[in-house]
Each structure stands twice: as structure tokens, then as C-alpha cells.
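The structure appears right after this line, and notes come after that.
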Amino acid sequence: MSNILNYFPPGMTPRANQSPVLEEIERTWEANDVFVVPAPVGSGKSALAMALGNWCGTEFNKTVAILTPH
């Protein structure tokens with residue numbers, strides 16, 4: 001399985017606060033059904049969601065939909 005950080009959106013670099021979140025999700029993926037990321041506006045949650053979606057879509061052959069409020 002490839003490192004989840006390899007699935008960060010193209011052209012973007014993970015911020016210092018994003019890498020540990022993704023690594024923790026990858027490390028505990030099998031043990032959890034739900035992940036909650038409490039972070040303020042502008043902290044990069046959408047990029048985290050895209051990385052997670054890319055990772056799940058590729059590594060687990062899953063269809064992924066990412067919804068955000070508008």
C-alpha cells in the first residue's frame with residue numbers, strides 16, 4: 001500500500017498540520033469507522049478530504065464523493 005501522503009492533491013504540498021492527520025488516519029484506518037478532524041476554517045480540511053478520497057479510490061478501489069457546504 002502506498003503512503004497516503006502520496007495522494008495529496010497534485011500541485012499542493014501538505015502543510016505541517018496536515019501530514020500528521022493523514023498519517024494518523026492511515027495508521028488507524030482498519031480500527032475506525034469514523035474520523036473527525038476538528039480544525040478551523042482555512043486549515044486545509046478540503047485538501048485532507050481530497051487526499052483521503054484519492055487514497056481510498058486507488059488503494060481500495062472505492063468510489064468516493066466529497067461534499068462540502070455551499
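The way I read the labels, and the way they are meant: chains A, B, ... in the order of the C-alpha cells, residue 1 as the first residue of every chain, and ligand 1 as the first ligand shown, with later ones counted on from there.
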
### Query
Which neighbours of Glu26 of chain A fall inside 10 Å, counting only C-alpha atoms, when residues of the same chain fewer than 3 positions from it are skipped, and could you give them as a VMD selection string?
chain A and resid 3 to 5 20 to 23 29 to 30 52 55

Residues from last step as file, all heavy atoms, as a short mmCIF file (atom, residue, chain, number, x, y, z; two decimals), in the first residue's frame:
data_model
loop_
_atom_site.label_atom_id
_atom_site.label_comp_id
_atom_site.auth_asym_id
_atom_site.auth_seq_id
_atom_site.Cartn_x
_atom_site.Cartn_y
_atom_site.Cartn_z
N ASN A 3 1.94 5.17 0.63
CA ASN A 3 1.78 6.15 1.69
C ASN A 3 0.68 7.13 1.31
O ASN A 3 0.65 7.65 0.19
CB ASN A 3 3.12 6.88 1.87
CG ASN A 3 3.11 7.85 3.01
OD1 ASN A 3 2.23 8.69 3.13
ND2 ASN A 3 4.10 7.73 3.85
N ILE A 4 -0.22 7.42 2.24
CA ILE A 4 -1.35 8.31 1.98
C ILE A 4 -0.89 9.70 1.53
O ILE A 4 -1.57 10.37 0.77
CB ILE A 4 -2.28 8.38 3.21
CG1 ILE A 4 -3.63 9.00 2.83
CG2 ILE A 4 -1.61 9.10 4.36
CD1 ILE A 4 -4.68 8.88 3.91
N LEU A 5 0.28 10.14 1.98
CA LEU A 5 0.77 11.46 1.59
C LEU A 5 1.07 11.53 0.10
O LEU A 5 1.07 12.63 -0.48
CB LEU A 5 2.01 11.83 2.40
CG LEU A 5 1.77 12.06 3.90
CD1 LEU A 5 3.08 12.27 4.62
CD2 LEU A 5 0.82 13.20 4.13
N PRO A 20 0.50 15.03 9.79
CA PRO A 20 0.22 14.13 10.91
C PRO A 20 -1.22 13.61 10.92
O PRO A 20 -1.46 12.47 11.32
CB PRO A 20 0.49 14.99 12.15
CG PRO A 20 1.32 16.11 11.69
CD PRO A 20 0.98 16.33 10.25
N VAL A 21 -2.16 14.42 10.46
CA VAL A 21 -3.56 14.00 10.42
C VAL A 21 -3.72 12.84 9.44
O VAL A 21 -4.31 11.81 9.76
CB VAL A 21 -4.49 15.17 10.04
CG1 VAL A 21 -5.91 14.68 9.79
CG2 VAL A 21 -4.48 16.25 11.10
N LEU A 22 -3.17 13.01 8.24
CA LEU A 22 -3.27 11.94 7.23
C LEU A 22 -2.54 10.68 7.68
O LEU A 22 -3.04 9.56 7.49
CB LEU A 22 -2.73 12.42 5.89
CG LEU A 22 -3.60 13.43 5.16
CD1 LEU A 22 -2.87 13.99 3.95
CD2 LEU A 22 -4.92 12.81 4.75
N GLU A 23 -1.39 10.83 8.28
CA GLU A 23 -0.63 9.67 8.75
C GLU A 23 -1.39 8.92 9.85
O GLU A 23 -1.38 7.69 9.88
CB GLU A 23 0.75 10.11 9.23
CG GLU A 23 1.63 10.54 8.07
CD GLU A 23 2.89 11.27 8.50
OE1 GLU A 23 2.96 11.75 9.66
OE2 GLU A 23 3.80 11.37 7.67
N TRP A 29 -6.64 3.27 10.13
CA TRP A 29 -7.73 3.06 9.17
C TRP A 29 -8.57 1.83 9.48
O TRP A 29 -9.79 1.88 9.49
CB TRP A 29 -7.14 2.97 7.76
CG TRP A 29 -8.19 2.80 6.71
CD1 TRP A 29 -8.51 1.64 6.04
CD2 TRP A 29 -9.07 3.80 6.21
NE1 TRP A 29 -9.53 1.88 5.16
CE2 TRP A 29 -9.89 3.20 5.24
CE3 TRP A 29 -9.24 5.15 6.48
CZ2 TRP A 29 -10.87 3.90 4.55
CZ3 TRP A 29 -10.23 5.85 5.80
CH2 TRP A 29 -11.02 5.22 4.84
N GLU A 30 -7.93 0.72 9.72
CA GLU A 30 -8.65 -0.55 9.93
C GLU A 30 -9.40 -0.59 11.27
O GLU A 30 -10.36 -1.34 11.40
CB GLU A 30 -7.67 -1.72 9.86
CG GLU A 30 -7.05 -1.92 8.49
CD GLU A 30 -8.06 -2.30 7.41
OE1 GLU A 30 -9.04 -3.00 7.73
OE2 GLU A 30 -7.87 -1.88 6.26
N LEU A 52 -7.52 11.90 1.09
CA LEU A 52 -8.16 10.68 1.59
C LEU A 52 -9.00 10.02 0.50
O LEU A 52 -8.96 8.80 0.32
CB LEU A 52 -9.02 11.00 2.81
CG LEU A 52 -9.70 9.84 3.50
CD1 LEU A 52 -8.69 8.80 3.94
CD2 LEU A 52 -10.51 10.34 4.68
N TRP A 55 -6.67 8.41 -2.05
CA TRP A 55 -6.08 7.22 -1.45
C TRP A 55 -7.07 6.05 -1.44
O TRP A 55 -6.75 4.96 -1.89
CB TRP A 55 -5.63 7.56 -0.03
CG TRP A 55 -4.95 6.47 0.74
CD1 TRP A 55 -3.75 5.88 0.45
CD2 TRP A 55 -5.41 5.87 1.94
NE1 TRP A 55 -3.44 4.95 1.42
CE2 TRP A 55 -4.45 4.93 2.34
CE3 TRP A 55 -6.54 6.05 2.72
CZ2 TRP A 55 -4.59 4.16 3.49
CZ3 TRP A 55 -6.68 5.29 3.86
CH2 TRP A 55 -5.72 4.35 4.24
#

### Task
List every residue of chain A that DSSP, applied to the backbone of this structure, assigns to alpha helix (DSSP H), and report them as number ranges by chain.
A: 18-27, 45-59

### Message
Counting only C-alpha atoms, which residue out of A:Ala65, A:Val34, A:Ala39, A:Met50 sits closest to Pro10 of chain A?
### Response
A:Met50

### Atomic distance atom CA of Pro9 of chain A - atom CA of Leu48 of chain A, expressed in Å with one decimal
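If I compute the distance from atom CA of Pro9 of chain A to atom CA of Leu48 of chain A, I get 8.7 Å.
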